[in-house]
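K.L.:
Dropping in protein24.pdb, with PDB, C-alpha atoms (C1' of nucleotides).
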```pdb
ATOM      1  CA  MET A   1       1.361  -6.906  22.230
ATOM      2  CA  LYS A   2      -0.499  -6.789  18.944
ATOM      3  CA  ILE A   3       1.257  -4.967  16.110
ATOM      4  CA  ALA A   4      -0.651  -4.473  12.874
ATOM      5  CA  THR A   5       0.221  -3.152   9.435
ATOM      6  CA  TRP A   6      -2.301  -1.831   6.934
ATOM      7  CA  ASN A   7      -1.966   0.028   3.665
ATOM      8  CA  VAL A   8      -5.196   2.042   3.861
ATOM      9  CA  ASN A   9      -4.974   3.626   0.367
ATOM     10  CA  SER A  10      -5.934   7.142   1.563
ATOM     11  CA  ILE A  11      -6.882   7.675   5.212
ATOM     12  CA  LYS A  12      -9.434  10.267   4.122
ATOM     13  CA  ALA A  13     -11.261   7.747   1.940
ATOM     14  CA  ARG A  14     -10.845   5.015   4.546
ATOM     15  CA  LEU A  15     -11.617   6.804   7.811
ATOM     16  CA  PRO A  16     -14.935   5.069   8.630
ATOM     17  CA  ASN A  17     -13.430   1.663   7.797
ATOM     18  CA  ALA A  18     -10.239   2.379   9.703
ATOM     19  CA  LEU A  19     -12.019   3.572  12.845
ATOM     20  CA  GLU A  20     -14.307   0.550  12.790
ATOM     21  CA  TRP A  21     -11.396  -1.851  12.389
ATOM     22  CA  VAL A  22      -9.179  -0.254  15.039
ATOM     23  CA  LYS A  23     -12.024  -0.236  17.563
ATOM     24  CA  ALA A  24     -12.834  -3.888  16.908
ATOM     25  CA  ALA A  25      -9.286  -5.273  16.606
ATOM     26  CA  GLY A  26      -7.714  -3.036  19.249
ATOM     27  CA  PRO A  27      -4.068  -3.342  18.129
ATOM     28  CA  ASP A  28      -1.463  -1.905  20.493
ATOM     29  CA  VAL A  29       0.336  -0.501  17.466
ATOM     30  CA  LEU A  30      -0.913   0.077  13.922
ATOM     31  CA  CYS A  31       1.492   0.925  11.112
ATOM     32  CA  MET A  32      -0.349   2.614   8.252
ATOM     33  CA  GLN A  33       0.816   3.231   4.703
ATOM     34  CA  GLU A  34      -0.429   5.315   1.790
ATOM     35  CA  ILE A  35      -2.256   7.777   3.999
ATOM     36  CA  LYS A  36      -1.983  10.239   1.078
ATOM     37  CA  CYS A  37      -2.138  13.413   3.158
ATOM     38  CA  VAL A  38       0.120  15.913   4.856
ATOM     39  CA  ASP A  39       0.543  15.689   8.640
ATOM     40  CA  GLU A  40      -1.969  18.491   9.363
ATOM     41  CA  ASN A  41      -4.719  16.743   7.395
ATOM     42  CA  PHE A  42      -4.436  13.380   9.143
ATOM     43  CA  PRO A  43      -7.612  12.725  11.196
ATOM     44  CA  THR A  44      -5.609  12.639  14.419
ATOM     45  CA  ALA A  45      -8.450  13.664  16.733
ATOM     46  CA  ALA A  46     -10.687  10.814  15.567
ATOM     47  CA  PHE A  47      -8.058   8.263  16.632
ATOM     48  CA  GLU A  48      -7.175  10.082  19.840
ATOM     49  CA  GLU A  49     -10.840   9.848  20.796
ATOM     50  CA  ILE A  50     -10.601   6.044  20.690
ATOM     51  CA  GLY A  51      -7.451   5.944  22.765
ATOM     52  CA  TYR A  52      -4.500   6.202  20.377
ATOM     53  CA  HIS A  53      -1.425   8.357  20.061
ATOM     54  CA  VAL A  54      -0.797   9.362  16.466
ATOM     55  CA  THR A  55       2.575   9.851  14.779
ATOM     56  CA  VAL A  56       2.554  10.924  11.143
ATOM     57  CA  HIS A  57       5.061  11.285   8.323
ATOM     58  CA  GLY A  58       2.790  12.562   5.596
ATOM     59  CA  GLN A  59       2.926  13.795   2.026
ATOM     60  CA  LYS A  60       0.434  15.487  -0.247
ATOM     61  CA  THR A  61      -1.487  13.136  -2.575
ATOM     62  CA  TYR A  62       1.009  10.264  -2.569
ATOM     63  CA  ASN A  63       2.624   7.863  -0.103
ATOM     64  CA  GLY A  64       2.675   8.892   3.562
ATOM     65  CA  VAL A  65       3.019   6.639   6.620
ATOM     66  CA  ALA A  66       1.701   6.822  10.173
ATOM     67  CA  ILE A  67       1.862   4.884  13.430
ATOM     68  CA  LEU A  68      -0.974   4.646  15.929
ATOM     69  CA  SER A  69      -0.076   3.423  19.402
ATOM     70  CA  LYS A  70      -1.915   2.981  22.685
ATOM     71  CA  VAL A  71       1.089   4.405  24.538
ATOM     72  CA  SER A  72       3.002   7.521  23.591
ATOM     73  CA  PRO A  73       6.189   6.752  21.619
ATOM     74  CA  ASP A  74       9.503   7.636  23.267
ATOM     75  CA  ASP A  75      11.352   8.446  20.098
ATOM     76  CA  VAL A  76      10.412   9.237  16.492
ATOM     77  CA  MET A  77      12.408   9.100  13.248
ATOM     78  CA  ARG A  78      11.086  10.228   9.871
ATOM     79  CA  GLY A  79      12.780   8.942   6.719
ATOM     80  CA  LEU A  80      15.690   6.534   6.348
ATOM     81  CA  PRO A  81      19.124   7.629   7.573
ATOM     82  CA  GLY A  82      21.477   8.236   4.662
ATOM     83  CA  ASN A  83      18.517   8.866   2.341
ATOM     84  CA  GLU A  84      17.781  12.438   3.392
ATOM     85  CA  ALA A  85      17.401  13.596  -0.212
ATOM     86  CA  ASP A  86      14.361  11.303  -0.620
ATOM     87  CA  GLU A  87      11.283  13.470  -1.209
ATOM     88  CA  GLN A  88       8.846  10.619  -0.673
ATOM     89  CA  ALA A  89       7.360   9.893   2.787
ATOM     90  CA  ARG A  90       7.800   6.132   3.119
ATOM     91  CA  TYR A  91       9.486   5.443   6.448
ATOM     92  CA  LEU A  92       8.557   6.190  10.043
ATOM     93  CA  GLU A  93      10.170   4.613  13.094
ATOM     94  CA  VAL A  94       9.149   4.910  16.751
ATOM     95  CA  VAL A  95      10.157   3.416  20.070
ATOM     96  CA  ILE A  96       7.210   2.014  22.021
ATOM     97  CA  PRO A  97       7.578   1.633  25.808
ATOM     98  CA  ALA A  98       6.305  -1.744  27.006
ATOM     99  CA  GLY A  99       6.491  -2.150  30.769
ATOM    100  CA  ASP A 100      10.154  -2.390  31.688
ATOM    101  CA  THR A 101      11.218  -2.877  28.079
ATOM    102  CA  ILE A 102      10.744  -1.277  24.665
ATOM    103  CA  VAL A 103       9.784  -2.327  21.168
ATOM    104  CA  ARG A 104      11.108  -0.471  18.138
ATOM    105  CA  VAL A 105       8.502  -0.330  15.369
ATOM    106  CA  ALA A 106       8.848   0.975  11.805
ATOM    107  CA  SER A 107       6.074   1.650   9.296
ATOM    108  CA  ILE A 108       7.362   0.983   5.779
ATOM    109  CA  TYR A 109       5.934   1.807   2.374
ATOM    110  CA  LEU A 110       8.456   0.312   0.009
ATOM    111  CA  PRO A 111       8.275   1.648  -3.566
ATOM    112  CA  ASN A 112       6.296  -0.295  -6.170
ATOM    113  CA  GLY A 113       9.022  -0.006  -8.792
ATOM    114  CA  ASN A 114       7.022  -0.518 -11.987
ATOM    115  CA  PRO A 115       7.609  -0.130 -14.841
ATOM    116  CA  VAL A 116      10.761  -2.189 -15.303
ATOM    117  CA  PRO A 117      13.270  -1.170 -16.419
ATOM    118  CA  GLY A 118      13.305   2.503 -15.553
ATOM    119  CA  PRO A 119      13.937   5.142 -12.900
ATOM    120  CA  LYS A 120      11.122   3.872 -10.674
ATOM    121  CA  TYR A 121      12.686   0.441 -10.459
ATOM    122  CA  ASP A 122      16.123   1.920  -9.819
ATOM    123  CA  TYR A 123      14.522   3.969  -7.026
ATOM    124  CA  LYS A 124      12.968   0.840  -5.518
ATOM    125  CA  LEU A 125      16.236  -1.078  -5.412
ATOM    126  CA  ASN A 126      18.086   1.936  -4.015
ATOM    127  CA  TRP A 127      15.418   2.382  -1.347
ATOM    128  CA  MET A 128      15.744  -1.279  -0.374
ATOM    129  CA  HIS A 129      19.485  -0.761  -0.001
ATOM    130  CA  HIS A 130      18.895   2.103   2.459
ATOM    131  CA  LEU A 131      16.331  -0.003   4.324
ATOM    132  CA  LYS A 132      18.829  -2.832   4.662
ATOM    133  CA  ASN A 133      21.396  -0.433   6.105
ATOM    134  CA  ARG A 134      18.897   0.781   8.699
ATOM    135  CA  MET A 135      17.818  -2.745   9.608
ATOM    136  CA  GLN A 136      21.459  -3.731   9.998
ATOM    137  CA  ASP A 137      22.092  -0.814  12.378
ATOM    138  CA  VAL A 138      18.946  -1.560  14.385
ATOM    139  CA  LEU A 139      19.955  -5.192  14.712
ATOM    140  CA  LYS A 140      23.097  -4.117  16.577
ATOM    141  CA  LEU A 141      20.902  -2.556  19.273
ATOM    142  CA  GLU A 142      19.779  -6.098  20.200
ATOM    143  CA  GLU A 143      16.252  -4.858  20.862
ATOM    144  CA  MET A 144      12.864  -6.231  20.021
ATOM    145  CA  SER A 145      12.217  -4.534  16.690
ATOM    146  CA  VAL A 146       9.472  -4.967  14.122
ATOM    147  CA  PHE A 147       9.613  -3.579  10.577
ATOM    148  CA  SER A 148       6.046  -3.623   9.347
ATOM    149  CA  GLY A 149       4.523  -2.476   6.135
ATOM    150  CA  ASP A 150       3.744  -2.728   2.469
ATOM    151  CA  TYR A 151       7.010  -4.110   1.104
ATOM    152  CA  ASN A 152       5.741  -4.412  -2.470
ATOM    153  CA  VAL A 153       7.588  -7.730  -2.549
ATOM    154  CA  ILE A 154       5.959 -11.092  -3.299
ATOM    155  CA  PRO A 155       8.448 -13.325  -1.496
ATOM    156  CA  ALA A 156       7.774 -16.660  -3.231
ATOM    157  CA  PRO A 157       5.462 -18.480  -5.684
ATOM    158  CA  ILE A 158       3.250 -19.591  -2.794
ATOM    159  CA  ASP A 159       2.447 -15.926  -2.143
ATOM    160  CA  VAL A 160       0.759 -15.215  -5.479
ATOM    161  CA  HIS A 161      -2.256 -16.698  -7.237
ATOM    162  CA  ASN A 162      -0.629 -16.884 -10.651
ATOM    163  CA  PRO A 163       3.170 -16.703 -10.451
ATOM    164  CA  LYS A 164       3.565 -16.884 -14.239
ATOM    165  CA  ALA A 165       1.602 -13.690 -14.689
ATOM    166  CA  TRP A 166       3.943 -11.794 -12.342
ATOM    167  CA  GLU A 167       7.232 -12.773 -13.947
ATOM    168  CA  GLY A 168       9.034  -9.586 -14.866
ATOM    169  CA  ASP A 169       6.956  -7.445 -12.512
ATOM    170  CA  ALA A 170       8.820  -5.190 -10.072
ATOM    171  CA  LEU A 171       7.179  -7.014  -7.132
ATOM    172  CA  TYR A 172       8.447 -10.394  -8.204
ATOM    173  CA  ARG A 173      11.544 -10.114 -10.362
ATOM    174  CA  PRO A 174      14.850 -11.782  -9.487
ATOM    175  CA  GLU A 175      16.536  -8.456  -8.651
ATOM    176  CA  THR A 176      13.721  -7.689  -6.207
ATOM    177  CA  HIS A 177      14.122 -11.056  -4.524
ATOM    178  CA  ALA A 178      17.883 -10.503  -4.483
ATOM    179  CA  ALA A 179      17.287  -7.285  -2.522
ATOM    180  CA  TRP A 180      14.675  -8.877  -0.240
ATOM    181  CA  ARG A 181      16.682 -11.941   0.832
ATOM    182  CA  PRO A 182      19.482  -9.932   2.493
ATOM    183  CA  LEU A 183      16.914  -8.423   4.862
ATOM    184  CA  LEU A 184      16.186 -11.936   6.086
ATOM    185  CA  HIS A 185      19.828 -12.994   6.000
ATOM    186  CA  LEU A 186      20.663 -10.183   8.406
ATOM    187  CA  GLY A 187      18.722 -12.214  10.948
ATOM    188  CA  TYR A 188      15.148 -11.011  10.591
ATOM    189  CA  THR A 189      12.156 -13.352  10.586
ATOM    190  CA  GLU A 190       9.158 -12.828   8.305
ATOM    191  CA  ALA A 191       6.380 -13.434  10.810
ATOM    192  CA  PHE A 192       3.619 -14.895   8.674
ATOM    193  CA  ARG A 193       5.692 -17.480   6.809
ATOM    194  CA  ALA A 194       7.532 -18.454   9.987
ATOM    195  CA  LEU A 195       4.251 -19.783  11.364
ATOM    196  CA  SER A 196       2.313 -20.936   8.315
ATOM    197  CA  SER A 197       3.006 -22.846   5.121
ATOM    198  CA  ASP A 198      -0.565 -22.376   3.902
ATOM    199  CA  PRO A 199      -0.983 -21.370   0.262
ATOM    200  CA  GLU A 200      -3.429 -18.739  -1.027
ATOM    201  CA  GLN A 201      -2.874 -16.396   1.903
ATOM    202  CA  TYR A 202      -2.874 -12.895   0.480
ATOM    203  CA  SER A 203      -2.849  -9.326   1.784
ATOM    204  CA  PHE A 204      -3.710  -7.463  -1.442
ATOM    205  CA  TRP A 205      -6.338  -7.964  -4.113
ATOM    206  CA  ASP A 206      -6.568  -5.602  -7.074
ATOM    207  CA  TYR A 207      -9.769  -3.594  -7.429
ATOM    208  CA  GLN A 208      -9.948  -4.752 -11.040
ATOM    209  CA  ALA A 209     -11.062  -7.951 -12.709
ATOM    210  CA  GLY A 210     -12.925  -9.395  -9.740
ATOM    211  CA  ALA A 211      -9.599 -10.202  -8.112
ATOM    212  CA  TRP A 212     -11.115 -10.373  -4.616
ATOM    213  CA  GLN A 213     -14.071 -12.543  -5.613
ATOM    214  CA  ARG A 214     -11.698 -14.970  -7.347
ATOM    215  CA  ASN A 215      -9.032 -14.782  -4.620
ATOM    216  CA  HIS A 216      -6.501 -13.613  -7.183
ATOM    217  CA  GLY A 217      -4.276 -11.955  -4.602
ATOM    218  CA  ILE A 218      -0.691 -11.399  -3.619
ATOM    219  CA  ARG A 219       0.998 -11.364  -0.204
ATOM    220  CA  ILE A 220       3.088  -8.207  -0.001
ATOM    221  CA  ASP A 221       2.401  -6.783   3.494
ATOM    222  CA  HIS A 222       4.924  -8.165   5.947
ATOM    223  CA  HIS A 223       6.348  -8.000   9.458
ATOM    224  CA  LEU A 224      10.110  -8.515   9.742
ATOM    225  CA  LEU A 225      11.147  -9.301  13.327
ATOM    226  CA  SER A 226      14.519  -8.986  14.990
ATOM    227  CA  PRO A 227      15.631 -12.174  16.801
ATOM    228  CA  GLN A 228      14.578 -10.658  20.129
ATOM    229  CA  ALA A 229      11.075 -10.037  18.751
ATOM    230  CA  ALA A 230      10.888 -13.321  16.834
ATOM    231  CA  ASP A 231      11.549 -15.213  20.079
ATOM    232  CA  ARG A 232       8.290 -13.718  21.389
ATOM    233  CA  LEU A 233       6.191 -14.305  18.265
ATOM    234  CA  GLN A 234       2.830 -15.843  19.148
ATOM    235  CA  SER A 235       0.786 -15.489  15.981
ATOM    236  CA  CYS A 236       0.516 -13.712  12.668
ATOM    237  CA  THR A 237      -2.867 -13.381  11.011
ATOM    238  CA  ILE A 238      -4.325 -11.727   7.948
ATOM    239  CA  ASP A 239      -7.644  -9.971   8.522
ATOM    240  CA  LYS A 240      -8.996 -10.688   5.047
ATOM    241  CA  ASP A 241     -12.643 -10.023   5.936
ATOM    242  CA  VAL A 242     -11.828  -6.313   5.801
ATOM    243  CA  ARG A 243     -11.535  -6.617   2.004
ATOM    244  CA  ALA A 244     -15.263  -7.446   1.762
ATOM    245  CA  LYS A 245     -16.399  -4.251   3.543
ATOM    246  CA  GLU A 246     -17.993  -1.275   1.834
ATOM    247  CA  ARG A 247     -15.426   0.942   0.134
ATOM    248  CA  PRO A 248     -12.431  -1.190   1.155
ATOM    249  CA  SER A 249      -8.742  -0.593   0.734
ATOM    250  CA  ASP A 250      -7.136  -2.977  -1.737
ATOM    251  CA  HIS A 251      -4.897  -4.161   1.148
ATOM    252  CA  VAL A 252      -6.007  -5.750   4.438
ATOM    253  CA  PRO A 253      -4.476  -5.591   7.930
ATOM    254  CA  VAL A 254      -1.829  -8.132   8.912
ATOM    255  CA  ILE A 255      -1.431  -8.557  12.670
ATOM    256  CA  CYS A 256       1.417 -10.144  14.596
ATOM    257  CA  GLU A 257       1.209 -10.843  18.287
ATOM    258  CA  LEU A 258       4.272 -10.791  20.536
ATOM    259  CA  ASP A 259       4.373 -12.198  24.045
ATOM    260  CA  ILE A 260       5.291  -8.973  25.822
TER
ATOM    261  C1'  DA B   3     -11.542 -14.127 -25.323
ATOM    262  C1'  DT B   4     -11.544  -9.703 -23.368
ATOM    263  C1'  DG B   5     -12.003  -6.593 -19.857
ATOM    264  C1'  DA B   6     -13.117  -5.459 -15.689
ATOM    265  C1'  DC B   7     -11.084  -0.181 -10.219
ATOM    266  C1'  DC B   8     -10.132   3.378  -7.158
ATOM    267  C1'  DA B   9      -8.200   7.889  -5.291
ATOM    268  C1'  DC B  10      -6.522  12.354  -6.182
ATOM    269  C1'  DA B  11      -6.081  16.939  -8.248
ATOM    270  C1'  DT B  12      -9.058  21.765  -9.154
ATOM    271  C1'  DC B  13     -10.236  18.248 -13.262
ATOM    272  C1'  DT B  14     -14.653  15.880 -16.882
ATOM    273  C1'  DT B  15      -8.938  13.713 -17.921
ATOM    274  C1'  DG B  16      -4.300  12.269 -16.490
ATOM    275  C1'  DT B  17      -1.395  10.003 -13.100
ATOM    276  C1'  DG B  18      -0.352   6.431  -9.973
ATOM    277  C1'  DG B  19      -1.144   2.279  -7.854
ATOM    278  C1'  DA B  20       0.289  -3.261  -8.024
TER
END
```
As structure tokens, what does this structure read like?
P.N.:
Amino acid sequence: MKIATWNVNSIKARLPNALEWVKAAGPDVLCMQEIKCVDENFPTAAFEEIGYHVTVHGQKTYNGVAILSKVSPDDVMRGLPGNEADEQARYLEVVIPAGDTIVRVASIYLPNGNPVPGPKYDYKLNWMHHLKNRMQDVLKLEEMSVFSGDYNVIPAPIDVHNPKAWEGDALYRPETHAAWRPLLHLGYTEAFRALSSDPEQYSFWDYQAGAWQRNHGIRIDHHLLSPQAADRLQSCTIDKDVRAKERPSDHVPVICELDI
DNA sequence: ATGACCACATCTTGTGGA
């Protein structure tokens, strides 16, 4: 089973690119972030035509997450439990039937958090706390589960072109890492780094300053796997060629393959 | 050395992204 995550930076702006990529890559599940539209405006029919079920948790102008899946999800949850007051659409969880088993998949758009200090950073850390609670509860189910998305966390110096330049940034500060590590300590495996120690592997390049051409990127799009899923992990790849397309998103798809 | 982009809203400019 191939599970992909991709921050598309507006599904309306990215529709031709997204359709082309989904057709070519054929993921079983695609977690999207920053769709930037309400549920009714998501181009559902276009993806149904190429064989996908579409589940959306949208929002006008900002944020918004969706999950495409080749099979119809059994169960859907919008928003993080215990965080019902959150106005921002950043979390969508589904249960995907897979033969005689299931895989739980969440699409995550974790807040950016800049500038620091300030309410946006407080919101980020609070959101990460709610995410940890959910991941802890899901772990108890002892299922294959995959939390995929734009975490807005650069895990380590190897994951950024110029670590010095990011010191103090909400994606890289000590408090952010202190909120990220507990997700792993619960027992989750970050798929890409579990399989590769290669440097200069990024999932985001800024539109500005020729960041793509110079490979000045950061790795912030991740898959966190429960032990049951991690035991089946076959590969995790970054589809960086997508960044060189016409009118690209600033993020590229990251795909993990599970032996299911 | 410096600066460099893109998407959205109902707008020719401000906000947000990372």
K.L.:
Could you list, as a list in words, every residue of chain A that has an atom within 10 Å of an atom of chain B, counting all atoms listed in the file?
P.N.:
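Output check: Asn9, Ser10, Lys12, Ala13, Lys36, Lys60, Thr61, Tyr62, Asn112, Gly113, Asn114, Asn152, Asp169, Ala170, Leu171, Phe204, Trp205, Asp206, Tyr207, Gln208, Ala209, Gly210, Ala211, Ile218, Ile220, Arg247, Pro248, Ser249 and Asp250 of chain A.
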K.L.:
Can you sort out the box for range 126-136 of chain A, edges along x, y and z, all listed atoms in, 3 Å on every side, with centre and edge lengths in Å to one decimal, as JSON?
P.N.:
```
{"center_x": 18.4, "center_y": -0.7, "center_z": 3.0, "size_x": 12.0, "size_y": 12.1, "size_z": 20.0}
```
K.L.:
Ranking A:Ala165, A:Met32, A:Ala24, A:Leu131 by minimum distance to Val242 in chain A and counting all atoms listed in the file, which one comes first?
P.N.:
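Ranking A:Ala165, A:Met32, A:Ala24, A:Leu131 by distance to Val242 in chain A, first place goes to A:Ala24.
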K.L.:
Please list as number ranges by chain every residue within 10 Å of Pro182 in chain A, counting all atoms listed in the file and excluding residues in the same chain fewer than 4 positions away.
P.N.:
A: 128-129, 132, 136, 177-178, 186-188
K.L.:
Expand the PyMOL selection byres ((chain A and resi 67) around 10) into the individual residues it matches in the shown file, reporting them as JSON, numbers by chain.
P.N.:
{"A": [4, 5, 29, 30, 31, 32, 33, 52, 53, 54, 55, 56, 57, 65, 66, 68, 69, 73, 92, 93, 94, 105, 106, 107]}
K.L.:
Between CA of Glu87 in chain A and CA of Pro253 in chain A, what is the distance in Å, rounded to a tenth?
P.N.:
26.4 Å
K.L.:
Around the point (-17.9, -2.1, 6.0), in the coordinates given by the file, pick out the residues reaching within 10 Å, counting only C-alpha atoms (C1' of nucleotides), and return them as a list in words.
P.N.:
Pro16, Asn17, Ala18, Glu20, Trp21, Asp241, Val242, Arg243, Ala244, Lys245, Glu246, Arg247 and Pro248 of chain A
K.L.:
Pick the closest to Pro157 in chain A from A:Asp198, A:Glu175, A:Asp259, A:Glu40: which is it, counting only C-alpha atoms?
P.N.:
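Result for the nearest residue to Pro157 in chain A: A:Asp198.
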K.L.:
Out of A:Leu19, A:Leu258, A:Val138, A:Val71, which residue has the shortest atom-to-atom distance to Ala46 in chain A when counting only C-alpha atoms?
P.N.:
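Closest candidate: A:Leu19.
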K.L.:
Need the neighbours of (-3.1, -2.6, 20.1): which residues are at most 7 Å away, counting all atoms listed in the file, as a ChimeraX atom specification?
P.N.:
/A:1-3,26-29,69-70
K.L.:
Quick one: which residues end up in the PyMOL selection byres ((chain A and resi 238) around 9) for this structure, as a ChimeraX atom specification?
P.N.:
/A:192,201-203,236-237,239-241,252-256
K.L.:
Which residues, named as in the file, does the PyMOL selection byres ((chain A and resi 125) around 9) pick out? Answer as a ChimeraX atom specification.
P.N.:
/A:111,113,120-124,126-130,175-176,179
K.L.:
Do you have the CA of Asn83 in chain A-CA of Asp137 in chain A distance handy?
P.N.:
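Separating CA of Asn83 in chain A from CA of Asp137 in chain A is a distance of 14.4 Å.
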K.L.:
Between CA of Ala230 in chain A and CA of Leu195 in chain A, what is the distance in Å, rounded to a tenth?
P.N.:
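Separation of CA of Ala230 in chain A and CA of Leu195 in chain A: 10.8 Å.
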